[in-house]
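What follows is the content of target-v7.csv, which has CSV, C-alpha atoms and all ligand atoms:
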chain,number,residue,atom,x,y,z
A,256,MET,CA,93.3,33.2,-7.1
A,257,ASP,CA,91.6,34.6,-4.0
A,258,ALA,CA,91.8,38.5,-4.1
A,259,LEU,CA,90.1,41.7,-3.3
A,260,VAL,CA,88.6,43.0,-6.5
A,261,CYS,CA,87.4,46.6,-7.3
A,262,THR,CA,83.8,46.7,-8.4
A,263,ASP,CA,84.6,49.8,-10.5
A,264,CYS,CA,87.9,49.3,-12.3
A,265,GLY,CA,88.5,45.6,-11.7
A,266,ARG,CA,91.9,46.1,-10.0
A,267,GLU,CA,93.0,43.2,-7.8
A,268,CYS,CA,94.8,43.2,-4.5
A,269,ALA,CA,95.9,40.5,-2.1
A,270,LEU,CA,93.3,39.5,0.6
A,271,THR,CA,96.0,40.5,3.2
A,272,GLU,CA,96.0,44.2,2.2
A,273,PRO,CA,94.3,46.2,5.0
A,274,ILE,CA,92.4,48.4,2.6
A,275,TRP,CA,88.8,49.4,2.6
A,276,ARG,CA,88.5,50.8,-1.0
A,277,CYS,CA,90.3,50.7,-4.2
A,278,GLU,CA,92.8,53.5,-5.3
A,279,CYS,CA,90.1,54.6,-7.7
A,280,GLY,CA,87.6,55.1,-4.9
A,281,GLY,CA,85.6,52.0,-5.8
A,282,THR,CA,84.1,49.4,-3.4
A,283,LEU,CA,85.8,46.1,-3.0
A,284,ASP,CA,84.5,42.5,-3.5
A,285,ILE,CA,86.2,39.3,-2.7
A,286,SER,CA,87.0,36.8,-5.4
A,287,PHE,CA,87.0,33.4,-3.6
A,288,THR,CA,85.7,29.9,-4.3
A,289,ALA,CA,83.3,28.8,-1.6
A,290,THR,CA,83.1,25.1,-0.9
A,291,PHE,CA,80.4,23.1,0.9
A,292,ASP,CA,81.5,19.8,2.3
A,293,ARG,CA,78.4,18.2,3.9
A,294,GLN,CA,80.4,16.2,6.4
A,295,GLN,CA,82.5,19.1,7.5
A,296,ILE,CA,79.4,21.3,7.8
A,297,ASP,CA,77.8,18.9,10.2
A,298,ARG,CA,81.0,18.3,12.2
A,299,TYR,CA,81.5,22.1,12.9
A,300,GLY,CA,78.2,22.3,14.8
A,301,SER,CA,75.5,24.9,15.2
A,302,THR,CA,77.0,28.3,14.4
A,303,MET,CA,77.4,30.1,11.0
A,304,TRP,CA,81.0,28.9,11.1
A,305,ARG,CA,79.8,25.5,10.1
A,306,TYR,CA,80.1,27.0,6.6
A,307,ARG,CA,83.7,28.0,7.1
A,308,GLY,CA,84.7,26.4,3.7
A,309,ALA,CA,82.6,29.2,2.2
A,310,ILE,CA,84.1,32.1,4.4
A,311,PRO,CA,87.4,33.7,3.4
A,312,ILE,CA,89.1,33.4,6.8
A,313,ALA,CA,91.9,31.1,7.9
A,314,GLY,CA,90.6,28.7,10.6
A,315,ASP,CA,92.8,29.8,13.5
A,316,ASN,CA,91.5,33.4,13.6
A,317,ILE,CA,87.8,32.9,14.1
A,318,VAL,CA,86.2,35.3,16.5
A,319,SER,CA,82.9,33.8,17.4
A,320,LEU,CA,80.1,34.4,20.0
A,321,TYR,CA,78.2,31.3,18.7
A,322,GLU,CA,76.2,33.3,16.1
A,323,GLY,CA,74.1,31.9,13.4
A,324,CYS,CA,71.8,28.9,12.9
A,325,THR,CA,68.8,31.1,13.8
A,326,PRO,CA,65.4,29.4,13.6
A,327,MET,CA,62.7,30.2,11.1
A,328,GLY,CA,58.9,30.2,11.4
A,329,THR,CA,55.9,31.1,9.2
A,330,LEU,CA,53.3,33.8,9.5
A,331,SER,CA,50.2,34.0,7.3
A,332,VAL,CA,49.9,37.3,5.5
A,333,HIS,CA,46.9,38.0,3.2
A,334,GLY,CA,46.3,34.2,3.3
A,335,GLN,CA,49.9,33.3,2.2
A,336,PRO,CA,52.5,31.9,4.5
A,337,ILE,CA,55.7,34.0,4.8
A,338,TRP,CA,58.8,32.5,6.2
A,339,LEU,CA,60.5,34.6,8.9
A,340,LYS,CA,64.2,34.2,9.8
A,341,PHE,CA,64.8,35.1,13.4
A,342,ASP,CA,68.1,37.0,13.1
A,343,HIS,CA,67.0,39.4,15.9
A,344,VAL,CA,68.0,36.7,18.4
A,345,LEU,CA,71.7,36.7,17.4
A,346,PRO,CA,74.1,37.5,20.3
A,347,THR,CA,74.0,41.3,20.1
A,348,GLY,CA,70.4,41.4,18.8
A,349,SER,CA,70.8,42.0,15.1
A,350,PHE,CA,71.9,40.2,11.9
A,351,LYS,CA,75.0,42.4,11.9
A,352,ASP,CA,76.7,39.8,14.1
A,353,ARG,CA,77.2,37.6,11.1
A,354,GLY,CA,79.2,40.3,9.4
A,355,ALA,CA,81.0,41.5,12.5
A,356,SER,CA,82.2,38.0,13.3
A,357,VAL,CA,83.9,37.7,9.9
A,358,LEU,CA,85.2,41.3,9.9
A,359,VAL,CA,86.8,41.1,13.3
A,360,SER,CA,88.2,37.6,12.5
A,361,LYS,CA,89.9,39.2,9.4
A,362,VAL,CA,91.3,42.0,11.6
A,363,LYS,CA,92.7,39.4,14.0
A,364,GLU,CA,94.2,37.5,11.0
A,365,LEU,CA,95.9,40.7,9.9
A,366,GLY,CA,97.3,41.3,13.4
A,367,ILE,CA,95.7,44.7,13.7
A,368,ARG,CA,94.8,45.9,17.2
A,369,HIS,CA,92.4,48.8,16.5
A,370,ILE,CA,89.1,49.0,14.5
A,371,VAL,CA,87.2,52.2,13.6
A,372,GLU,CA,83.6,51.8,12.5
A,373,ASP,CA,80.6,54.1,11.7
A,374,SER,CA,77.1,52.9,12.2
A,375,SER,CA,73.5,53.9,12.9
A,376,GLY,CA,73.8,51.6,16.0
A,377,ASN,CA,73.5,47.9,15.3
A,378,ALA,CA,76.7,47.4,13.3
A,379,GLY,CA,78.5,49.5,15.9
A,380,ALA,CA,77.2,47.2,18.7
A,381,ALA,CA,78.1,44.1,16.8
A,382,ILE,CA,81.6,45.2,15.9
A,383,ALA,CA,82.1,46.5,19.5
A,384,ALA,CA,81.1,43.1,20.9
A,385,TYR,CA,83.3,41.0,18.6
A,386,SER,CA,86.2,43.5,19.2
A,387,ALA,CA,85.8,42.9,22.9
A,388,ALA,CA,85.8,39.2,22.4
A,389,ALA,CA,89.1,39.5,20.4
A,390,GLY,CA,90.7,42.0,22.8
A,391,ILE,CA,90.9,44.6,20.0
A,392,ARG,CA,90.3,48.4,20.6
A,393,CYS,CA,87.2,49.7,18.9
A,394,ASP,CA,86.0,53.2,18.1
A,395,VAL,CA,82.4,53.7,16.9
A,396,TYR,CA,81.2,56.8,15.1
A,397,ALA,CA,77.4,57.2,15.3
A,398,PRO,CA,74.9,59.9,14.5
A,399,LYS,CA,73.8,61.8,17.7
A,400,GLN,CA,70.2,60.6,17.1
A,401,VAL,CA,71.3,57.0,17.8
A,402,SER,CA,68.9,55.1,20.1
A,403,ALA,CA,69.9,55.3,23.8
A,404,ALA,CA,69.7,51.5,24.1
A,405,LYS,CA,72.1,50.9,21.1
A,406,LEU,CA,74.5,53.6,22.5
A,407,ALA,CA,74.5,52.0,25.9
A,408,GLN,CA,75.2,48.6,24.4
A,409,ILE,CA,78.1,49.9,22.3
A,410,ARG,CA,79.6,51.6,25.4
A,411,ALA,CA,79.0,48.5,27.6
A,412,TYR,CA,81.2,46.4,25.2
A,413,GLY,CA,84.0,48.9,26.0
A,414,ALA,CA,84.1,50.7,22.7
A,415,ASN,CA,84.8,54.5,22.5
A,416,VAL,CA,81.7,56.3,21.1
A,417,HIS,CA,82.0,59.4,19.0
A,418,LEU,CA,78.6,61.2,18.3
A,419,CYS,CA,78.4,63.0,15.0
A,420,VAL,CA,75.9,65.5,13.5
A,421,ASN,CA,74.4,62.8,11.2
A,422,ARG,CA,74.9,59.4,9.7
A,423,GLU,CA,76.9,60.7,6.7
A,424,LEU,CA,79.3,62.8,8.8
A,425,ALA,CA,79.8,59.8,11.1
A,426,GLY,CA,81.2,57.9,8.1
A,427,ALA,CA,83.4,60.8,6.9
A,428,GLN,CA,84.8,61.3,10.4
A,429,ALA,CA,85.4,57.6,11.0
A,430,GLN,CA,87.3,57.3,7.7
A,431,TRP,CA,89.4,60.3,8.5
A,432,ASP,CA,90.2,59.1,12.1
A,433,ALA,CA,90.9,55.5,11.0
A,434,ARG,CA,94.4,56.3,9.6
A,435,GLY,CA,96.8,54.0,11.4
A,436,ALA,CA,93.9,51.7,12.4
A,437,TYR,CA,91.6,49.4,10.4
A,438,TYR,CA,88.6,51.1,8.9
A,439,GLY,CA,85.8,48.6,9.4
A,440,GLY,CA,82.9,50.6,8.0
A,441,HIS,CA,80.5,47.7,7.2
A,442,ALA,CA,79.0,49.5,4.1
A,443,TRP,CA,82.4,49.3,2.5
A,444,ASN,CA,83.9,46.2,4.1
A,445,PRO,CA,83.6,43.0,1.9
A,446,PHE,CA,84.4,40.6,4.7
A,447,PHE,CA,81.4,41.9,6.6
A,448,ILE,CA,79.2,41.0,3.6
A,449,HIS,CA,80.8,37.5,3.4
A,450,GLY,CA,79.7,37.0,6.9
A,451,VAL,CA,76.1,38.2,6.3
A,452,LYS,CA,75.9,35.7,3.3
A,453,THR,CA,75.7,32.8,5.8
A,454,CYS,CA,72.0,33.8,6.2
A,455,ALA,CA,71.4,32.5,2.7
A,456,PHE,CA,73.1,29.1,3.4
A,457,GLU,CA,71.0,28.7,6.6
A,458,ILE,CA,67.7,29.5,4.8
A,459,VAL,CA,68.4,26.7,2.2
A,460,GLU,CA,69.4,24.3,5.0
A,461,TRP,CA,66.2,25.1,6.9
A,462,LEU,CA,64.1,24.6,3.8
A,463,GLY,CA,65.6,21.1,3.3
A,464,GLY,CA,67.8,22.2,0.4
A,465,ALA,CA,65.1,24.2,-1.4
A,466,VAL,CA,65.7,27.8,-2.7
A,467,PRO,CA,62.9,30.2,-1.9
A,468,ASP,CA,61.2,32.0,-4.8
A,469,SER,CA,61.7,35.4,-3.2
A,470,VAL,CA,63.8,36.8,-0.4
A,471,VAL,CA,62.5,40.1,0.9
A,472,VAL,CA,65.0,42.2,2.9
A,473,PRO,CA,65.2,45.8,4.3
A,474,VAL,CA,67.9,47.8,2.5
A,475,GLY,CA,69.9,50.8,3.8
A,476,ASN,CA,73.5,50.2,2.8
A,477,GLY,CA,72.5,46.9,1.4
A,478,THR,CA,74.8,44.5,3.3
A,479,LEU,CA,72.0,42.1,3.9
A,480,LEU,CA,70.7,42.2,0.3
A,481,LEU,CA,74.2,41.8,-1.1
A,482,GLY,CA,75.0,39.1,1.5
A,483,MET,CA,72.0,37.2,0.2
A,484,TYR,CA,73.0,37.7,-3.4
A,485,ILE,CA,76.6,36.5,-2.8
A,486,GLY,CA,75.4,33.6,-0.6
A,487,PHE,CA,72.9,32.3,-3.1
A,488,CYS,CA,75.4,32.8,-5.9
A,489,ASP,CA,78.0,30.7,-3.9
A,490,LEU,CA,75.5,27.9,-3.6
A,491,VAL,CA,74.7,27.9,-7.4
A,492,LYS,CA,78.4,28.1,-8.3
A,493,ALA,CA,79.2,25.1,-6.0
A,494,ARG,CA,76.2,23.3,-7.6
A,495,VAL,CA,74.5,22.9,-4.2
A,496,THR,CA,71.5,24.6,-5.7
A,497,ARG,CA,70.3,25.3,-9.2
A,498,ARG,CA,68.8,28.8,-9.2
A,499,MET,CA,68.7,32.2,-7.6
A,500,PRO,CA,65.7,33.5,-5.6
A,501,LYS,CA,64.3,36.9,-6.7
A,502,LEU,CA,65.7,39.5,-4.3
A,503,ILE,CA,63.1,42.1,-3.2
A,504,GLY,CA,64.6,45.1,-1.5
A,505,VAL,CA,62.5,47.1,0.9
A,506,GLN,CA,63.1,50.8,1.7
A,507,ALA,CA,61.2,53.3,3.9
A,508,SER,CA,59.2,55.7,1.7
A,509,GLN,CA,60.8,58.5,3.7
A,510,CYS,CA,64.2,57.6,2.5
A,511,ALA,CA,64.2,55.4,-0.7
A,512,PRO,CA,67.1,56.3,-3.1
A,513,LEU,CA,67.3,52.7,-4.4
A,514,GLN,CA,63.6,52.1,-4.8
A,515,ARG,CA,63.5,55.4,-6.8
A,516,ALA,CA,66.5,54.6,-9.0
A,517,PHE,CA,65.0,51.1,-9.7
A,518,ARG,CA,61.6,52.6,-10.6
A,519,LEU,CA,63.3,55.2,-13.0
A,520,GLY,CA,65.4,52.5,-14.6
A,521,ARG,CA,68.7,54.1,-13.4
A,522,GLU,CA,71.9,52.3,-12.9
A,523,ARG,CA,72.9,54.2,-9.8
A,524,PRO,CA,70.9,56.0,-7.1
A,525,SER,CA,71.0,59.7,-7.1
A,526,HIS,CA,71.4,61.6,-3.8
A,527,VAL,CA,68.1,62.0,-1.9
A,528,PHE,CA,67.6,64.1,1.2
A,529,GLY,CA,65.8,61.4,3.2
A,530,LYS,CA,63.2,62.5,5.8
A,531,PRO,CA,63.3,61.0,9.3
A,532,THR,CA,61.9,57.5,9.6
A,533,VAL,CA,61.0,55.1,12.4
A,534,ALA,CA,63.2,52.6,10.5
A,535,ASP,CA,66.4,54.4,11.5
A,536,GLY,CA,68.6,51.4,10.6
A,537,ILE,CA,67.9,51.9,6.9
A,538,ALA,CA,67.9,55.7,6.7
A,539,ILE,CA,70.8,55.9,4.2
A,540,ASP,CA,70.6,58.8,1.7
A,541,ARG,CA,73.6,57.7,-0.4
A,542,PRO,CA,74.3,53.9,-0.3
A,543,VAL,CA,77.9,53.4,-1.4
A,544,ARG,CA,77.2,50.1,-3.1
A,545,GLY,CA,74.1,51.5,-4.8
A,546,ARG,CA,75.1,50.3,-8.3
A,547,GLN,CA,75.9,46.8,-7.1
A,548,ILE,CA,72.6,46.5,-5.2
A,549,LEU,CA,70.5,47.6,-8.2
A,550,LYS,CA,72.4,45.2,-10.4
A,551,ALA,CA,71.8,42.3,-8.0
A,552,VAL,CA,68.1,43.0,-7.8
A,553,ARG,CA,67.7,43.3,-11.6
A,554,GLU,CA,69.8,40.2,-12.3
A,555,THR,CA,67.5,38.1,-10.0
A,556,HIS,CA,64.3,39.6,-11.6
A,557,GLY,CA,63.5,41.1,-8.2
A,558,ARG,CA,62.2,44.5,-7.5
A,559,PHE,CA,62.1,47.3,-4.8
A,560,VAL,CA,59.2,48.0,-2.6
A,561,ALA,CA,58.8,51.2,-0.5
A,562,VAL,CA,56.8,51.1,2.7
A,563,THR,CA,55.2,53.9,4.7
A,564,GLU,CA,55.7,54.6,8.4
A,565,LEU,CA,52.3,53.2,9.1
A,566,GLU,CA,52.9,50.0,7.1
A,567,ILE,CA,56.1,49.4,9.0
A,568,MET,CA,54.4,49.9,12.4
A,569,LYS,CA,51.5,47.7,11.3
A,570,ALA,CA,54.0,44.9,10.5
A,571,PHE,CA,55.6,45.6,13.9
A,572,ASP,CA,52.2,45.2,15.6
A,573,ARG,CA,51.5,42.0,13.7
A,574,LEU,CA,54.8,40.5,14.9
A,575,CYS,CA,54.2,41.7,18.5
A,576,LEU,CA,50.8,40.1,18.5
A,577,THR,CA,52.3,36.7,17.6
A,578,GLY,CA,54.9,37.2,20.4
A,579,LEU,CA,57.8,38.4,18.3
A,580,TYR,CA,59.5,41.6,19.4
A,581,VAL,CA,61.6,43.4,16.8
A,582,GLU,CA,62.7,47.0,16.4
A,583,PRO,CA,60.8,49.0,13.8
A,584,THR,CA,63.6,48.5,11.2
A,585,GLY,CA,63.4,44.8,11.9
A,586,ALA,CA,59.7,44.8,10.8
A,587,VAL,CA,60.5,46.5,7.5
A,588,GLY,CA,61.1,43.1,5.7
A,589,LEU,CA,57.7,41.9,6.7
A,590,ALA,CA,56.0,45.2,5.8
A,591,GLY,CA,57.6,44.8,2.3
A,592,ALA,CA,56.6,41.2,2.0
A,593,ALA,CA,53.0,42.0,2.9
A,594,LYS,CA,52.9,44.7,0.3
A,595,TYR,CA,54.5,42.5,-2.3
A,596,VAL,CA,52.0,39.7,-1.6
A,597,ARG,CA,49.0,42.0,-1.6
A,598,LYS,CA,49.9,43.7,-4.9
A,599,GLU,CA,51.2,40.9,-6.9
A,600,HIS,CA,49.5,37.8,-5.4
A,601,PRO,CA,52.5,35.6,-6.2
A,602,ASP,CA,52.1,31.9,-5.4
A,603,GLU,CA,55.6,31.7,-4.1
A,604,VAL,CA,57.8,30.5,-1.2
A,605,ILE,CA,58.8,33.8,0.3
A,606,VAL,CA,61.4,34.4,3.1
A,607,THR,CA,62.0,37.6,5.0
A,608,VAL,CA,64.4,38.4,7.9
A,609,LEU,CA,63.6,39.8,11.3
A,610,THR,CA,66.8,41.9,11.5
A,611,GLY,CA,66.9,43.6,14.9
A,612,HIS,CA,65.5,43.0,18.4
A,613,GLY,CA,62.8,45.2,19.9
A,614,LEU,CA,64.8,45.9,23.0
A,615,LYS,CA,67.1,48.0,20.8
A,616,ALA,CA,64.5,50.8,20.3
A,617,PRO,CA,62.4,51.4,23.4
A,618,GLU,CA,61.8,55.1,22.5
A,619,ALA,CA,60.3,54.3,19.1
A,620,VAL,CA,58.1,51.6,20.6
A,621,ARG,CA,56.8,53.8,23.4
A,622,ALA,CA,56.1,56.6,21.0
A,623,TRP,CA,54.1,54.3,18.8
A,624,LEU,CA,52.1,52.8,21.7
A,625,ASP,CA,51.3,56.3,23.0
A,626,GLU,CA,50.1,57.3,19.5
A,627,GLU,CA,47.9,54.2,19.2
A,628,ALA,CA,46.4,54.6,22.7
B,1,LIG,C1,67.8,46.2,12.2
B,1,LIG,C2,68.4,46.5,10.9
B,1,LIG,N1,67.8,46.0,9.8
B,1,LIG,C3,68.3,46.2,8.6
B,1,LIG,C4,69.4,47.1,8.4
B,1,LIG,C5,69.8,47.3,7.0
B,1,LIG,O1,71.0,46.8,6.7
B,1,LIG,P1,71.9,47.4,5.5
B,1,LIG,O2,72.2,48.8,5.9
B,1,LIG,O3,73.1,46.6,5.4
B,1,LIG,O4,71.0,47.4,4.3
B,1,LIG,C6,70.0,47.6,9.5
B,1,LIG,C7,71.2,48.5,9.3
B,1,LIG,O5,71.7,49.1,10.2
B,1,LIG,C8,69.5,47.4,10.8
B,1,LIG,O6,70.0,47.9,11.9
B,2,ZN,ZN,89.2,50.5,-8.7
Render the structure in this file as structure tokens.
Amino acid sequence: MDALVCTDCGRECALTEPIWRCECGGTLDISFTATFDRQQIDRYGSTMWRYRGAIPIAGDNIVSLYEGCTPMGTLSVHGQPIWLKFDHVLPTGSFKDRGASVLVSKVKELGIRHIVEDSSGNAGAAIAAYSAAAGIRCDVYAPKQVSAAKLAQIRAYGANVHLCVNRELAGAQAQWDARGAYYGGHAWNPFFIHGVKTCAFEIVEWLGGAVPDSVVVPVGNGTLLLGMYIGFCDLVKARVTRRMPKLIGVQASQCAPLQRAFRLGRERPSHVFGKPTVADGIAIDRPVRGRQILKAVRETHGRFVAVTELEIMKAFDRLCLTGLYVEPTGAVGLAGAAKYVRKEHPDEVIVTVLTGHGLKAPEAVRAWLDEEA
């Protein structure tokens, strides 16, 4: 039966419960059988909702801004082609639209009129946009260091912004203030991840039904990595595909709790005090789904890669010089893929995701250009 399932104690709850974590404090997953009916998929057109048989939302409640079906292109890195998925061109400029569309659809389905969310910027902008589309009140808690462009975008969608001392306190404050509303913190929310997973379906469709050997993604709270894991699992379970890709998680060396835990063979990340990084979207000291992320990477025979600030900005430069404009966090996947290819020389089909648009981070781009000049 479809249910919310605790990843710690296994307790099950109905999908209609407006909860964000288990009584034991554990994160929630969704137990749900995804279906892929070729004719229906084609009939539903060119948004991620073409895969609605694989998304746990009733049809009438979809809140959509025509997200998904982003293109892919290749770039040669150390002589090897790397596939890039252009999620920076989604409606609010980041991959978070996939998650926000499903999360806000769920809130609409529950008949709740108020969402509270915490974010480093992009998820806040995405949830603010979809809340506006659904006519739902939205409060976003963000660290005071949030990029001015992201802040303006969140406010422009009509959300109330609350600036907090740092990313962690933004989460704590949002959870506290969400009593009486729906807490939509995307790190916790399983519906968000079941939106992000559509990225995996689109990759397979773009590659003509083939599963890539490796999928390389930036990891902060891990919603993209776990979305890929669940998406590729759904396809295997439905016998659309036969195998999983290796999942390669990329973190900034300045803040790499998961890469460290992976290297040390640990089951859970320990708390690190991350240093500031140009990849502000993945600066997460304590990822709440850390154990789940490490398990997914190990199970797929993947690994973690840490990239320096310089490696991130070199990947950014490389993308710019081919006409692709992403924010620094959006270049982390390519930086990780370049390092993976250079170190291990795998003869593989590799996909990475451009996760956020360059117009989101003008301050970081200007600082880098001034430094280079
Ligand atoms: C542009 C961009 N890329 C990647 C990520 C990482 O996503 P996650 O925290 O789900 O791992 C974020 C998160 O905010 C982001 O904004
Ligand atoms: Zn539990």
Q.
Which residues are near ligand LIG 1 (chain B) - at most 6 Å, using only C-alpha atoms and all ligand atoms? Format: as a PyMOL selection string.
A. chain A and resi 349+375+377+473-479+536-537+584-585+610-611
Per residue of chain A within 10 Å of ligand ZN 2 (chain B), record the nearest atom pair and its distance in Å to one decimal, counting all atoms listed in the file, with rows in chain order and ascending residue number, as a tab-separated table.
residue	atom	partner	partner_atom	distance
A:Val260	CA	B:ZN2	ZN	7.8
A:Cys261	CA	B:ZN2	ZN	4.5
A:Thr262	CA	B:ZN2	ZN	6.6
A:Asp263	CA	B:ZN2	ZN	5.0
A:Cys264	CA	B:ZN2	ZN	4.0
A:Gly265	CA	B:ZN2	ZN	5.8
A:Arg266	CA	B:ZN2	ZN	5.3
A:Glu267	CA	B:ZN2	ZN	8.3
A:Arg276	CA	B:ZN2	ZN	7.7
A:Cys277	CA	B:ZN2	ZN	4.6
A:Glu278	CA	B:ZN2	ZN	5.8
A:Cys279	CA	B:ZN2	ZN	4.3
A:Gly280	CA	B:ZN2	ZN	6.2
A:Gly281	CA	B:ZN2	ZN	4.9
A:Thr282	CA	B:ZN2	ZN	7.4
A:Leu283	CA	B:ZN2	ZN	8.0
Considering only C-alpha atoms, tabulate each residue of range 498-591 of chain A that lies at most 9 Å from range 408-428 of chain A along with its nearest interatomic pair and the corresponding distance in Å to one decimal; arrange the rows by chain and ascending residue number and present them as a tab-separated table.
residue	atom	partner	partner_atom	distance
A:Ala538	CA	A:Arg422	CA	8.5
A:Ile539	CA	A:Arg422	CA	7.7
A:Asp540	CA	A:Glu423	CA	8.3
A:Arg541	CA	A:Glu423	CA	8.4
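Nearest-residue note for Val401 in chain A: choosing from A:Glu554, A:Asp489, A:Glu626, A:Asp535, the minimum distance belongs to A:Asp535, counting all atoms listed in the file.
The smallest atom-to-atom distance between Ala551 in chain A and any of A:Lys501, A:Lys361, A:Lys615, A:Lys452, using all atoms listed in the file, is found for A:Lys501.
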Q: Using CA of Lys399 in chain A and CA of Gly354 in chain A as the two end points, give the distance in Å to one decimal.
A: 23.7 Å
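In terms of minimum interatomic distance to Gly591 in chain A, A:Val471 ranks closest within A:Ala493, A:Val471, A:Cys575, A:Ala388, counting only C-alpha atoms.
Between CA of Tyr385 in chain A and CA of Leu574 in chain A lies a distance of 28.7 Å.
Here CA of Arg518 in chain A and CA of Arg558 in chain A stand 8.7 Å from one another.
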Where atoms are lacking, range 431-444 of chain A completed to N, CA, C and O atoms, as a compact mmCIF listing (two decimals), keeping the file's coordinate frame:
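As written to disk, result_30.txt reads:
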# COMPACT_ATOMS: atom_id res chain seq x y z
N TRP A 431 88.33 59.39 8.28
CA TRP A 431 89.40 60.30 8.50
C TRP A 431 90.26 59.82 9.75
O TRP A 431 91.48 59.74 9.71
N ASP A 432 89.56 59.46 10.82
CA ASP A 432 90.20 59.10 12.10
C ASP A 432 90.81 57.67 12.03
O ASP A 432 91.50 57.27 12.96
N ALA A 433 90.49 56.92 10.98
CA ALA A 433 90.90 55.50 11.00
C ALA A 433 92.35 55.36 10.45
O ALA A 433 92.86 54.24 10.38
N ARG A 434 93.00 56.47 10.08
CA ARG A 434 94.40 56.30 9.60
C ARG A 434 95.23 55.70 10.72
O ARG A 434 95.17 56.15 11.86
N GLY A 435 95.94 54.65 10.40
CA GLY A 435 96.80 54.00 11.40
C GLY A 435 96.01 52.83 12.08
O GLY A 435 96.60 52.01 12.77
N ALA A 436 94.68 52.78 11.89
CA ALA A 436 93.90 51.70 12.40
C ALA A 436 93.25 50.95 11.22
O ALA A 436 93.59 51.21 10.07
N TYR A 437 92.31 50.02 11.48
CA TYR A 437 91.60 49.40 10.40
C TYR A 437 90.23 50.01 10.28
O TYR A 437 89.47 50.04 11.26
N TYR A 438 89.89 50.56 9.11
CA TYR A 438 88.60 51.10 8.90
C TYR A 438 87.60 49.98 8.62
O TYR A 438 87.71 49.32 7.59
N GLY A 439 86.67 49.74 9.55
CA GLY A 439 85.80 48.60 9.40
C GLY A 439 84.35 49.02 9.04
O GLY A 439 83.39 48.33 9.40
N GLY A 440 84.20 50.17 8.38
CA GLY A 440 82.90 50.60 8.00
C GLY A 440 82.19 49.47 7.19
O GLY A 440 82.69 49.05 6.15
N HIS A 441 81.07 48.96 7.72
CA HIS A 441 80.50 47.70 7.20
C HIS A 441 79.91 47.95 5.76
O HIS A 441 79.79 47.00 5.00
N ALA A 442 79.54 49.21 5.43
CA ALA A 442 79.00 49.50 4.10
C ALA A 442 80.08 49.19 3.05
O ALA A 442 79.80 48.76 1.94
N TRP A 443 81.32 49.44 3.41
CA TRP A 443 82.40 49.30 2.50
C TRP A 443 83.06 47.88 2.58
O TRP A 443 83.58 47.34 1.61
N ASN A 444 83.06 47.32 3.79
CA ASN A 444 83.90 46.20 4.10
C ASN A 444 83.37 44.85 3.44
O ASN A 444 82.30 44.37 3.82
